[in-house]
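*Asks:* I have a structure I would like to understand better, so I am pasting it below and will then ask my questions one at a time.
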Amino acid sequence: MRAIIFTILAVLLLPLFLLGFLIFSWRIRRVCIPQNISGTANEPYGGRLYMHVAGTRPDEAGYKMAWHLPSYGGIARLLMIDTLGLACKISGYKWSVFSYPGPRPSSMATSISHRSYFFDDSVKEILFRSANPATQFVVLGSGFDTRCYDLPEGAEIKCFEVDMAPTLNAKKRALQLAGIAHDHVTFVETDFNQEAWMEALQDSGFNPNLTTYILWEGVTMYLVEEAVRDTLNLIATLPAGSAAGMDFFSRDLIEGNPPYEKMSKAMHRTISFYSENLQFGIATGENLSDGLEELLKESELTLTRFEYIGSLEDKKPPYYFFSLIEKH
Ligand SMILES: C[S@@+](CC[C@H](N)C(=O)[O-])C[C@H]1O[C@@H](n2cnc3c(N)ncnc32)[C@H](O)[C@@H]1O
């Protein structure tokens with residue numbers, strides 16, 4: 001019954017949603033891209049906003065911030081996000097796309113929920129474990145991530161957000177306008193493809209001798225391989241107990257090798273809408289983690305947790321991986 005009420009409401013609200021989608025898309029092309037504000041940052045962020053309004057994964061800071069961003073700001077959030085939230089609230093129906101932590105095996109439709117849960121869990125584990133917890137939290141390629149604004153009160157954790165200047169500036173402005181406290185976060189501007197972010201971090205007060213958790217979510221696929229390797233080598237210079245959470249697409253998906261020819265084309269086309277490029281993927285091998293283990297050999301980091309979207313029984317083997325990597 002709940003599903004039926006939700007569907008009726010969703011159909012009634014569809015024109016408003018489509019209008020919101022048009023406004024959002026226009027703003028991406030005409031406002032964000034010309035200013036070099038990341039467009040792809042809106043994709044996972046949108047997924048988290050839907051989980052918030054569906055009541056499955058609270059993200060109050062993200063929700064408030066959206067109102068002031070050039071993409072979702074004002075009317076776009078209202079029409080695209082709040083309408084579906086209203087349908088969920090009235091019907092009491094939790095559509096699996098908005099579920100959290102979501103079903104396992106997960107699917108493309110529930111990939112953001114699986115991804116959010118994997119990284120939420122690893123952040124919690126590394127920052128709040130009893131032995132050698134991380135006291136620095138670095139969000140690399142932070143986009144519109146809000147985990148720094150959701151830490152328990154009194155947590156003595158130094159927070160850093162690293163991204164390119166236009167995206168960071170849009171975010172800082174939105175945080176300010178939304179009245180979200182962000183004095184505890186140091187914003188560091190960099191381009192992973194051009195420079196060593198660790199130097200920029202250290203210039204901003206980062207202490208390379210403290211146990212650190214690096215969240216590098218949704219970024220490796222946009223970089224060249226050298227930038228990914230350099231980052232792993234920098235993480236390897238941190239003290240034992242430091243860890244990094246990162247996700248990877250498979251090389252076969254990026255290169256469009258069988259059986260991903262069509263899917264690869266569609267993904268490259270979607271990302272080109274944002275004027276960005278998918279560039280890096282990991283080899284898989286007999287065990288899906290073989291390629292990642294190989295990549296980690298140079299930096300001598302250890303893969304401690306590995307999950308993927310989909311199942312080995314699927315027609316197309318898994319192509320999207322989540323990993324927790326630690327310095328021992
Ligand atoms: C898909 S978004 C992910 C954002 C965020 N981590 C999340 O999961 O919501 C990718 C982010 O990486 C940043 N990024 C991409 N390439 C970068 C580069 N070369 N240097 C610095 N940041 C980069 C983008 O600006 C964007 O904010």
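Every chain in the structure tokens has a letter given in the order shown (A, B, ...), and although residue numbers restart at 1 in each chain, ligands are simply numbered from 1 in the order shown.
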Any residue with an atom at most 7 Å from ligand 1 counts, using only C-alpha atoms and all ligand atoms. Which are they? Put them as a PyMOL selection string.
*Replies:* chain A and resi 37-38+40-41+43-45+140-145+162-164+167+190-193+216-219+222-223
*Asks:* I want to know what sits within 10 Å of Ala165 in chain A, based on only C-alpha atoms, with residues of the same chain fewer than 4 positions away left out; could you give that as a VMD selection string?
*Replies:* chain A and resid 36 to 37 169 to 171 187 to 191
*Asks:* If we count only C-alpha atoms and set the cut-off at 6 Å, which residues sit around Phe322 in chain A, ignoring sequence neighbours fewer than 6 positions away in its own chain? Please answer as JSON, numbers by chain.
*Replies:* {"A": [247, 306, 307, 308]}
*Asks:* For the selection just defined, write its residues with N, CA and C atoms to a file, as a tab-separated table (two decimals), in the first residue's frame.
*Replies:*
chain	number	residue	atom	x	y	z
A	247	ASP	N	37.79	4.61	-3.32
A	247	ASP	CA	37.03	3.75	-4.22
A	247	ASP	C	37.63	3.81	-5.61
A	306	PHE	N	37.68	-4.70	1.65
A	306	PHE	CA	37.43	-4.58	0.21
A	306	PHE	C	35.99	-5.02	-0.06
A	307	GLU	N	35.20	-4.13	-0.62
A	307	GLU	CA	33.82	-4.50	-0.98
A	307	GLU	C	33.53	-4.01	-2.39
A	308	TYR	N	32.48	-4.53	-2.98
A	308	TYR	CA	32.16	-4.11	-4.34
A	308	TYR	C	30.66	-4.07	-4.56
*Asks:* Within 10 Å of Thr304 in chain A, counting only C-alpha atoms, which residues qualify if same-chain residues fewer than 2 places away don't, as JSON, numbers by chain?
*Replies:* {"A": [243, 301, 302, 306, 323, 324, 325, 326, 327]}
*Asks:* Could you turn the residues from that selection into a file that holds C-alpha atoms, as a short mmCIF file (atom, residue, chain, number, x, y, z; two decimals), in the first residue's frame?
*Replies:*
data_model
loop_
_atom_site.label_atom_id
_atom_site.label_comp_id
_atom_site.auth_asym_id
_atom_site.auth_seq_id
_atom_site.Cartn_x
_atom_site.Cartn_y
_atom_site.Cartn_z
CA ALA A 243 44.40 4.74 7.02
CA LEU A 301 50.25 -0.12 2.19
CA THR A 302 47.91 -2.93 3.28
CA PHE A 306 37.43 -4.58 0.21
CA SER A 323 38.66 -0.15 -0.06
CA LEU A 324 40.15 0.59 3.34
CA ILE A 325 43.91 0.79 3.13
CA GLU A 326 46.18 0.98 6.18
CA LYS A 327 49.75 1.85 7.05
#
*Asks:* Of the candidates A:Ser264, A:Gln136, A:Ser272, A:Ser299, which one gets nearest to Cys148 in chain A if we count only C-alpha atoms?
*Replies:*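 Checking each of A:Ser264, A:Gln136, A:Ser272, A:Ser299 against Cys148 in chain A, counting only C-alpha atoms, the winner is A:Gln136.
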*Asks:* My list of candidates is A:Arg48, A:Lys124, A:Arg29, A:His184. Which is closest to Val97 in chain A when distances are computed with only C-alpha atoms?
*Replies:*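 Distance minimum relative to Val97 in chain A lands on A:Arg48.
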*Asks:* Give me, as a PyMOL selection string, the residues of range 194-250 of chain A that a backbone DSSP run labels strand (DSSP E or B).
*Replies:* chain A and resi 212-216+243-250
*Asks:* Would you compute the distance between CA of Phe98 in chain A and CA of Asp120 in chain A? Give it in Å to one decimal.
*Replies:* 15.9 Å
*Asks:* Skip His268 in chain A itself and residues of its chain fewer than 4 positions away, then list as a PyMOL selection string all residues within 9 Å of it, counting only C-alpha atoms.
*Replies:* chain A and resi 254+263-264+272-273+276-278
*Asks:* Find the spatial neighbours of Leu78 in chain A, counting only C-alpha atoms, within a cut-off of 12 Å - ignore same-chain residues fewer than 5 positions away - and output them as a PyMOL selection string.
*Replies:* chain A and resi 13+16-21+23-24+49-50+53+63-64+66-68+71-73+83-86
*Asks:* Could you pull the residues within 6 Å of Tyr213 in chain A, counting only C-alpha atoms, minus those fewer than 3 positions along the same chain, as a list in words?
*Replies:*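 Using only C-alpha atoms, the neighbours found are Ala134, Phe137, Ser242, Ala243 and Ala244 of chain A.
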